[in-house]
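Chemist: Sharing protein_17.cif here; it has mmCIF, C-alpha atoms.
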```cif
data_my_file
#
loop_
_atom_site.label_atom_id
_atom_site.label_comp_id
_atom_site.auth_asym_id
_atom_site.auth_seq_id
_atom_site.Cartn_x
_atom_site.Cartn_y
_atom_site.Cartn_z
CA MET V 1 39.16 5.90 14.81
CA LYS V 2 39.72 9.44 13.50
CA SER V 3 42.28 10.00 10.75
CA SER V 4 43.05 12.65 8.13
CA MET V 5 44.27 10.05 5.61
CA MET V 6 42.09 9.27 2.59
CA THR V 7 40.82 5.69 2.62
CA GLY V 8 39.11 3.50 0.03
CA ALA V 9 35.81 1.69 0.58
CA TYR V 10 33.98 -1.34 -0.72
CA LEU V 11 30.61 -3.01 -0.23
CA LEU V 12 31.18 -5.89 2.15
CA SER V 13 27.72 -7.48 2.37
CA THR V 14 23.98 -6.98 1.93
CA GLY V 15 20.71 -8.09 3.52
CA SER V 16 16.97 -7.59 3.10
CA ALA V 17 13.68 -8.19 4.87
CA LEU V 18 10.07 -8.17 3.70
CA PRO V 19 6.77 -8.54 5.55
CA ASP V 20 4.86 -11.82 5.21
CA ILE V 21 1.58 -10.25 4.11
CA SER V 22 1.28 -10.24 0.31
CA ILE V 23 -1.44 -8.18 -1.36
CA SER V 24 -2.11 -9.02 -5.02
CA ASN V 25 -3.68 -6.73 -7.58
CA GLU V 26 -6.78 -8.92 -7.48
CA MET V 27 -7.11 -8.33 -3.74
CA LEU V 28 -6.73 -4.57 -4.22
CA SER V 29 -9.47 -4.59 -6.86
CA LYS V 30 -11.90 -5.54 -4.07
CA VAL V 31 -10.93 -2.41 -2.12
CA VAL V 32 -10.74 0.25 -4.86
CA ASN V 33 -11.97 0.56 -8.44
CA THR V 34 -9.04 -1.08 -10.23
CA SER V 35 -7.95 -4.37 -11.81
CA ASP V 36 -4.87 -6.50 -12.26
CA GLU V 37 -4.67 -5.45 -15.93
CA TRP V 38 -5.01 -1.74 -15.11
CA ILE V 39 -2.22 -1.88 -12.49
CA SER V 40 0.10 -4.22 -14.40
CA THR V 41 0.03 -2.32 -17.68
CA ARG V 42 0.67 1.04 -16.02
CA THR V 43 3.20 0.06 -13.37
CA GLY V 44 4.45 -3.51 -13.84
CA ILE V 45 3.42 -4.31 -10.25
CA LYS V 46 1.64 -7.60 -9.55
CA GLU V 47 1.77 -7.66 -5.76
CA ARG V 48 3.26 -5.86 -2.77
CA ARG V 49 4.15 -6.71 0.86
CA LEU V 50 2.49 -4.93 3.78
CA ILE V 51 3.59 -4.79 7.38
CA SER V 52 1.36 -6.42 10.01
CA GLU V 53 0.06 -4.80 13.19
CA ARG V 54 2.58 -6.80 15.22
CA MET V 55 5.62 -5.66 13.21
CA SER V 56 7.42 -2.31 13.14
CA ILE V 57 9.86 -0.69 10.76
CA ILE V 58 12.59 -1.46 13.32
CA ASP V 59 11.81 -5.18 13.01
CA LEU V 60 12.30 -5.05 9.24
CA ALA V 61 15.50 -3.03 9.58
CA TYR V 62 16.75 -5.44 12.27
CA HIS V 63 16.27 -8.54 10.10
CA ALA V 64 17.90 -6.91 7.06
CA SER V 65 20.83 -5.72 9.18
CA ASN V 66 21.33 -9.11 10.80
CA GLN V 67 21.50 -10.74 7.37
CA ALA V 68 24.21 -8.32 6.29
CA LEU V 69 26.16 -8.83 9.51
CA GLN V 70 25.95 -12.62 9.24
CA LYS V 71 27.11 -12.61 5.62
CA ALA V 72 30.05 -10.42 6.58
CA ARG V 73 30.77 -12.64 9.63
CA LEU V 74 30.81 -9.43 11.60
CA ASP V 75 29.70 -8.68 15.13
CA ALA V 76 27.48 -5.62 15.56
CA GLN V 77 29.96 -4.27 18.12
CA ASN V 78 32.44 -3.81 15.25
CA LEU V 79 30.20 -1.22 13.56
CA ASP V 80 31.36 2.40 13.82
CA LEU V 81 28.29 4.07 12.35
CA ILE V 82 24.69 3.26 11.37
CA ILE V 83 22.77 5.34 8.83
CA VAL V 84 19.07 4.63 8.34
CA ALA V 85 17.38 6.09 5.27
CA THR V 86 13.64 6.30 5.88
CA SER V 87 10.69 8.62 5.40
CA SER V 88 8.40 6.56 7.64
CA PRO V 89 10.11 6.22 11.04
CA ASN V 90 8.14 4.99 14.03
CA ASP V 91 9.41 8.05 15.87
CA LEU V 92 9.55 11.49 14.23
CA PHE V 93 12.80 12.14 16.12
CA GLY V 94 14.38 9.20 14.26
CA CYS V 95 14.69 5.44 14.49
CA ALA V 96 18.40 4.73 13.84
CA SER V 97 19.13 4.76 17.56
CA GLN V 98 16.45 2.10 18.13
CA LEU V 99 18.09 -0.10 15.50
CA GLN V 100 21.51 0.49 17.09
CA ALA V 101 20.16 -0.80 20.40
CA LYS V 102 18.25 -3.74 18.90
CA ILE V 103 21.26 -5.18 17.05
CA GLY V 104 23.62 -4.44 19.95
CA ALA V 105 25.91 -2.04 18.07
CA ILE V 106 27.08 -0.39 21.29
CA ASN V 107 30.13 1.25 19.69
CA ALA V 108 28.29 2.81 16.75
CA ALA V 109 26.90 6.30 16.32
CA ALA V 110 23.56 6.31 14.52
CA PHE V 111 21.37 8.78 12.66
CA ASP V 112 18.54 8.95 10.12
CA ILE V 113 18.46 10.42 6.63
CA THR V 114 15.13 11.52 5.15
CA ALA V 115 15.25 11.64 1.36
CA ALA V 116 12.38 9.33 0.36
CA CYS V 117 13.17 7.13 -2.65
CA SER V 118 16.67 8.63 -3.06
CA GLY V 119 17.44 7.92 0.59
CA PHE V 120 19.54 4.78 0.27
CA ILE V 121 21.76 6.29 -2.44
CA ILE V 122 22.30 9.44 -0.40
CA ALA V 123 23.01 7.36 2.73
CA LEU V 124 25.48 5.17 0.85
CA ILE V 125 27.28 8.23 -0.53
CA THR V 126 27.35 9.79 2.95
CA ALA V 127 28.83 6.59 4.40
CA SER V 128 31.50 6.46 1.70
CA GLN V 129 32.59 10.00 2.53
CA PHE V 130 32.97 9.15 6.23
CA ILE V 131 35.20 6.25 5.21
CA HIS V 132 37.18 8.22 2.62
CA THR V 133 38.10 10.83 5.24
CA GLY V 134 39.19 8.11 7.66
CA SER V 135 36.52 8.98 10.25
CA TYR V 136 34.97 5.49 10.31
CA LYS V 137 35.93 2.05 9.04
CA THR V 138 32.76 -0.07 9.11
CA ILE V 139 29.33 1.42 8.42
CA LEU V 140 25.88 -0.16 8.25
CA ILE V 141 23.51 1.53 5.79
CA VAL V 142 19.82 0.64 5.93
CA GLY V 143 17.00 1.69 3.62
CA ALA V 144 13.62 0.99 5.21
CA ASP V 145 10.11 2.27 4.60
CA ILE V 146 6.53 1.32 5.46
CA LEU V 147 4.62 3.74 3.25
CA SER V 148 1.54 1.52 3.43
CA GLN V 149 0.92 3.43 6.68
CA TRP V 150 0.81 6.73 4.78
CA VAL V 151 -1.28 5.77 1.76
CA ASP V 152 -4.89 6.76 1.14
CA TRP V 153 -6.34 3.33 0.43
CA SER V 154 -9.29 4.91 -1.37
CA ASP V 155 -7.00 6.58 -3.93
CA ARG V 156 -6.27 4.07 -6.66
CA ASN V 157 -3.58 6.28 -8.21
CA THR V 158 -1.29 5.92 -5.19
CA CYS V 159 -2.41 2.94 -3.09
CA ILE V 160 -1.51 0.49 -5.88
CA LEU V 161 2.11 1.59 -5.92
CA PHE V 162 3.61 1.21 -2.48
CA GLY V 163 4.85 -1.70 -0.40
CA ASP V 164 6.90 -2.14 2.77
CA GLY V 165 10.41 -3.51 3.21
CA ALA V 166 14.00 -2.98 4.31
CA GLY V 167 17.42 -3.50 2.77
CA ALA V 168 20.87 -3.21 4.31
CA ALA V 169 24.48 -2.96 3.21
CA ILE V 170 27.78 -2.79 5.05
CA LEU V 171 30.49 -0.53 3.71
CA GLN V 172 34.03 -1.11 4.92
CA ALA V 173 37.36 0.65 4.56
CA ASP V 174 39.92 -0.80 2.15
CA GLN V 175 43.28 0.22 0.69
CA LYS V 176 41.67 0.39 -2.76
CA ASN V 177 38.55 2.42 -3.47
CA TYR V 178 35.66 0.54 -5.10
CA ILE V 179 33.17 3.41 -4.75
CA LEU V 180 34.13 5.03 -8.03
CA GLY V 181 31.93 8.12 -8.16
CA PHE V 182 28.58 9.72 -7.48
CA GLN V 183 26.20 12.47 -8.57
CA LEU V 184 23.50 14.17 -6.47
CA ASN V 185 20.81 16.68 -7.47
CA THR V 186 17.79 18.42 -5.96
CA ASN V 187 14.97 20.54 -7.38
CA GLY V 188 12.98 21.87 -4.45
CA PHE V 189 10.82 24.02 -6.74
CA GLU V 190 8.95 20.84 -7.70
CA SER V 191 8.59 19.42 -4.19
CA ASP V 192 4.79 19.44 -4.41
CA GLN V 193 4.81 16.87 -7.23
CA LEU V 194 5.38 14.08 -4.68
CA CYS V 195 4.85 14.88 -1.04
CA LEU V 196 3.50 13.85 2.35
CA SER V 197 2.61 17.17 3.91
CA TYR V 198 1.84 18.37 7.41
CA LYS V 199 -1.57 20.04 7.57
CA LYS V 200 -2.88 22.27 10.34
CA THR V 201 -6.42 21.43 11.42
CA SER V 202 -9.25 23.93 11.82
CA SER V 203 -10.44 22.61 15.18
CA GLN V 204 -8.08 23.52 18.00
CA SER V 205 -8.13 23.08 21.79
CA TYR V 206 -8.79 25.84 24.26
CA HIS V 207 -5.08 26.00 25.14
CA ASN V 208 -4.05 26.22 21.48
CA ASN V 209 -6.46 29.10 20.87
CA LEU V 210 -5.29 30.85 24.03
CA LEU V 211 -1.66 30.65 22.93
CA GLY V 212 -2.36 31.29 19.24
CA ILE V 213 -0.85 27.93 18.26
CA LYS V 214 -2.22 25.80 15.44
CA GLN V 215 -1.45 22.10 15.39
CA GLY V 216 -2.24 19.37 12.90
CA GLN V 217 -1.04 16.09 11.44
CA PHE V 218 0.58 14.59 8.39
CA SER V 219 -1.77 13.79 5.53
CA TYR V 220 -1.54 11.00 2.93
CA ILE V 221 0.97 10.65 0.10
CA LYS V 222 0.11 12.86 -2.86
CA MET V 223 1.71 12.39 -6.26
CA ASN V 224 1.42 13.90 -9.72
CA GLY V 225 2.19 10.69 -11.60
CA LYS V 226 2.69 12.23 -15.05
CA GLU V 227 5.12 14.85 -13.80
CA VAL V 228 7.08 12.37 -11.70
CA TYR V 229 7.36 10.08 -14.73
CA LYS V 230 8.66 12.91 -16.95
CA PHE V 231 11.11 13.97 -14.23
CA ALA V 232 12.48 10.44 -13.76
CA VAL V 233 12.98 9.51 -17.42
CA SER V 234 14.64 12.87 -18.06
CA LYS V 235 16.88 13.44 -15.05
CA VAL V 236 18.00 9.89 -14.19
CA PRO V 237 19.71 9.17 -17.53
CA GLU V 238 21.39 12.60 -17.33
CA SER V 239 22.67 11.84 -13.84
CA ILE V 240 24.07 8.47 -14.89
CA ILE V 241 25.78 9.91 -17.99
CA GLN V 242 27.33 12.74 -15.94
CA CYS V 243 28.64 10.25 -13.41
CA LEU V 244 30.05 7.96 -16.11
CA ASN V 245 31.72 10.89 -17.88
CA GLN V 246 33.47 11.94 -14.67
CA LEU V 247 35.03 8.46 -14.54
CA ASN V 248 35.79 8.22 -18.27
CA LEU V 249 33.37 5.30 -18.53
CA SER V 250 30.64 4.62 -21.08
CA THR V 251 27.29 2.85 -20.83
CA ASP V 252 28.99 -0.17 -22.43
CA ASP V 253 31.06 -0.52 -19.26
CA ILE V 254 27.97 -1.03 -17.09
CA SER V 255 27.58 -4.61 -15.87
CA TRP V 256 24.38 -4.04 -13.88
CA LEU V 257 21.89 -1.19 -13.60
CA ILE V 258 19.82 -0.97 -10.39
CA LEU V 259 17.25 1.81 -10.37
CA HIS V 260 14.76 2.77 -7.69
CA GLN V 261 11.89 0.35 -8.27
CA ALA V 262 9.12 2.90 -8.87
CA ASN V 263 7.51 1.87 -12.13
CA GLN V 264 8.52 -0.68 -14.77
CA ARG V 265 7.90 1.81 -17.57
CA ILE V 266 10.37 4.22 -15.93
CA LEU V 267 12.96 1.45 -15.56
CA ASN V 268 12.57 0.36 -19.19
CA THR V 269 12.65 3.91 -20.58
CA VAL V 270 15.79 4.85 -18.64
CA ALA V 271 17.54 1.67 -19.82
CA GLU V 272 16.49 2.33 -23.42
CA LYS V 273 17.76 5.92 -23.30
CA LEU V 274 21.13 4.60 -22.11
CA ASN V 275 21.13 1.73 -24.63
CA ILE V 276 21.45 -0.76 -21.78
CA PRO V 277 20.00 -4.20 -22.60
CA GLN V 278 17.21 -5.60 -20.44
CA ASP V 279 19.40 -8.45 -19.18
CA LYS V 280 21.57 -5.86 -17.38
CA LEU V 281 18.56 -4.16 -15.76
CA ILE V 282 17.73 -5.57 -12.34
CA SER V 283 14.03 -5.45 -11.48
CA ASN V 284 11.89 -7.02 -8.76
CA LEU V 285 9.13 -4.42 -8.88
CA GLN V 286 6.40 -6.88 -9.81
CA TYR V 287 6.74 -8.68 -6.47
CA TYR V 288 7.16 -5.80 -4.02
CA GLY V 289 5.95 -2.55 -5.59
CA ASN V 290 7.63 0.71 -4.65
CA THR V 291 9.34 0.25 -1.27
CA SER V 292 10.88 3.75 -1.36
CA ALA V 293 14.33 3.86 0.33
CA ALA V 294 14.30 0.05 0.62
CA SER V 295 13.87 -0.71 -3.08
CA ILE V 296 17.50 -0.43 -4.24
CA PRO V 297 19.10 -2.36 -1.35
CA ILE V 298 16.44 -5.11 -1.63
CA ALA V 299 17.11 -5.45 -5.37
CA LEU V 300 20.87 -5.41 -4.75
CA ASP V 301 20.62 -8.09 -2.07
CA GLU V 302 18.46 -10.36 -4.23
CA ALA V 303 20.93 -10.03 -7.10
CA CYS V 304 23.76 -10.97 -4.72
CA LYS V 305 21.84 -14.01 -3.47
CA LYS V 306 21.37 -15.16 -7.07
CA GLY V 307 25.11 -14.83 -7.68
CA GLN V 308 24.66 -12.24 -10.41
CA MET V 309 27.47 -9.96 -9.22
CA LYS V 310 30.95 -10.98 -10.31
CA ASN V 311 34.29 -9.64 -9.18
CA GLY V 312 35.13 -6.48 -11.13
CA ASP V 313 31.56 -5.80 -12.31
CA ILE V 314 30.60 -2.14 -12.69
CA ILE V 315 27.38 -1.50 -10.79
CA VAL V 316 25.35 1.67 -11.42
CA MET V 317 22.62 2.50 -8.89
CA SER V 318 20.27 5.47 -9.20
CA GLY V 319 17.55 6.71 -6.88
CA PHE V 320 14.92 9.36 -7.58
CA GLY V 321 11.81 10.67 -5.93
CA ALA V 322 10.32 13.18 -3.52
CA GLY V 323 12.13 16.44 -3.00
CA LEU V 324 12.51 16.26 -5.91
CA THR V 325 15.82 14.48 -5.44
CA TRP V 326 17.87 12.14 -7.59
CA GLY V 327 21.31 10.64 -7.43
CA THR V 328 23.68 8.04 -8.87
CA ILE V 329 26.50 6.02 -7.38
CA ILE V 330 28.90 3.86 -9.37
CA MET V 331 30.87 1.08 -7.73
CA GLN V 332 33.06 -1.82 -8.74
CA TRP V 333 32.08 -5.17 -7.27
CA HIS V 334 34.70 -6.69 -4.99
CA ASN V 335 34.38 -10.20 -3.56
#
```
For this file, produce the structure as structure tokens.
Modeler:
Amino acid sequence: MKSSMMTGAYLLSTGSALPDISISNEMLSKVVNTSDEWISTRTGIKERRLISERMSIIDLAYHASNQALQKARLDAQNLDLIIVATSSPNDLFGCASQLQAKIGAINAAAFDITAACSGFIIALITASQFIHTGSYKTILIVGADILSQWVDWSDRNTCILFGDGAGAAILQADQKNYILGFQLNTNGFESDQLCLSYKKTSSQSYHNNLLGIKQGQFSYIKMNGKEVYKFAVSKVPESIIQCLNQLNLSTDDISWLILHQANQRILNTVAEKLNIPQDKLISNLQYYGNTSAASIPIALDEACKKGQMKNGDIIVMSGFGAGLTWGTIIMQWHN
């Protein structure tokens, strides 16, 4: 299992899962002061999926993972490692181990990565490095989030944006490397532009006061929409260009561009800045909203199901969001 030899990697298969409950803009307009026109023109979102009381984030991750395993004709016991990218686990200590048990991946190590909307890209890059060093051969990467549980449903600026879902991909070792390059960045000085903070409460128990300990709870998602927009349309194109330059590639070489599905205006502006035509830009935002770490793998899986990816295609994927974090990975499609 462990080796010092450098090994290539390729994307073997994908999967995705979405809750059954669909909430349209019209339905939201009955809850907060908004309208279908107001939401659509500002975000491109028409509806989003929300998890039910009977379903957990592990259920979504399980269904997405099973799809990927079935497509790869792979047994879960053949997995060496599982990485779950999520900012909304059902256990603050992590949920990757629960997924490992649920799919029966008894030979796999498992851990979580918390990087919000950049999570899947960072997890995919992390997996590729484990494979390149020869540490592992077959890795399941899952992006899953249920941010509907962390939204203030009275705040129309944020509640209209988010939906729930999960996407999965399996990365496997190969003699040739199809993960061509990546770029990662962080600006922690702007972390308050998009955050879900822990707040200490004023009322404390007798024991807390006696010990001088203050406890609290996590609040709702807070976002400065204008600043996040400016950040995304500025930094994402830069990241993609830097990554392309490292590989001596140009934007003309891009077959497909998959961005974190945050806002249609962001997607369109980034594509325009890179002179990438709309028919190369993959978008499903109108159906699912912003599913955070799940958005890129869901979009990738849907494109695969439609047969859009062809052997040799150059795929550019970029995530961006809370942290602030952003990153790009470039791969060549291999059937």
Chemist: Selection in question (the file shown): the PyMOL selection byres ((chain V and resi 290-293) around 9). Which residues does it include, as a PyMOL selection string?
Modeler: chain V and resi 45+48-49+85-87+115-121+142-147+161-167+260-263+285+288-289+294-298+319+321
Chemist: Quick one: residues within 9 Å of V:Tyr10, only C-alpha atoms, excluding same-chain residues fewer than 4 positions away - as a list in words?
Modeler: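 Returned residues: Ser128, Ile170, Leu171, Gln172, Ala173, Asp174, Lys176, Asn177, Tyr178, Ile179, Met331, Gln332, Trp333 and His334 of chain V.
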Chemist: So what does the PyMOL selection byres ((chain V and resi 30-44) around 8) actually pick up in this one, as a PyMOL selection string?
Modeler: chain V and resi 25-29+45-46+153-156+160-161+262-265+285-286
Chemist: I'd like to see the residues matched by the PyMOL selection byres ((chain V and resi 72) around 9) on this file, and ideally I'd get them as an mmCIF file with C-alpha atoms, keeping the file's coordinate frame.
Modeler:
```cif
data_model
loop_
_atom_site.group_PDB
_atom_site.id
_atom_site.type_symbol
_atom_site.label_atom_id
_atom_site.label_comp_id
_atom_site.auth_asym_id
_atom_site.auth_seq_id
_atom_site.Cartn_x
_atom_site.Cartn_y
_atom_site.Cartn_z
ATOM 1 C CA LEU V 12 31.180 -5.890 2.150
ATOM 2 C CA SER V 13 27.720 -7.480 2.370
ATOM 3 C CA THR V 14 23.980 -6.980 1.930
ATOM 4 C CA GLN V 67 21.500 -10.740 7.370
ATOM 5 C CA ALA V 68 24.210 -8.320 6.290
ATOM 6 C CA LEU V 69 26.160 -8.830 9.510
ATOM 7 C CA GLN V 70 25.950 -12.620 9.240
ATOM 8 C CA LYS V 71 27.110 -12.610 5.620
ATOM 9 C CA ARG V 73 30.770 -12.640 9.630
ATOM 10 C CA LEU V 74 30.810 -9.430 11.600
ATOM 11 C CA ASP V 75 29.700 -8.680 15.130
ATOM 12 C CA ILE V 170 27.780 -2.790 5.050
#
```
Chemist: One decimal, Å: what's the distance from atom CA of V:Gln278 over to atom CA of V:Glu238, could you say?
Modeler: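 About the pair atom CA of V:Gln278 and atom CA of V:Glu238: they are 18.9 Å apart.
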Chemist: With 4 Å on each side, where is the centre of the axis-aligned box around all listed atoms of stretch 168-180 of chain V, and how long are its edges in Å to one decimal, as JSON?
Modeler:
```
{"center_x": 32.1, "center_y": 0.9, "center_z": -1.5, "size_x": 30.4, "size_y": 16.2, "size_z": 21.1}
```
Chemist: Could you give me, as a list in words, the residues within 9 Å of V:Leu196, counting only C-alpha atoms and dropping anything in the same chain fewer than 2 positions from it?
Modeler: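 Result of the neighbour search: Trp150, Asp192, Leu194, Tyr198, Phe218, Ser219, Tyr220, Ile221, Lys222 and Met223 of chain V.
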Chemist: Just want the 8 Å neighbourhood of stretch 239-256 of chain V, counted on only C-alpha atoms, with same-chain residues fewer than 4 positions away dropped. Output as a list in words.
Modeler: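 Listing them by chain and then by number gives Leu180, Gly181, Phe182, Gln183, Leu184, Lys235, Leu274, Asn275, Ile276, Lys280, Leu281, Ile282, Asp313, Ile314, Ile315, Val316, Ser318, Trp326, Gly327, Thr328, Ile329 and Ile330 of chain V.
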Chemist: From the set V:Ser191, V:Thr201, V:Ser135, V:Asn311, which residue has the shortest atom-to-atom contact distance to V:Thr7, counting all atoms listed in the file?
Modeler: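 Counting all atoms listed in the file, the residue closest to V:Thr7 is V:Ser135.
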Chemist: Using Å and a single decimal, report how far atom CA of V:Ala322 sits from atom CA of V:Asn187.
Modeler: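 These atoms are spaced 9.5 Å apart.
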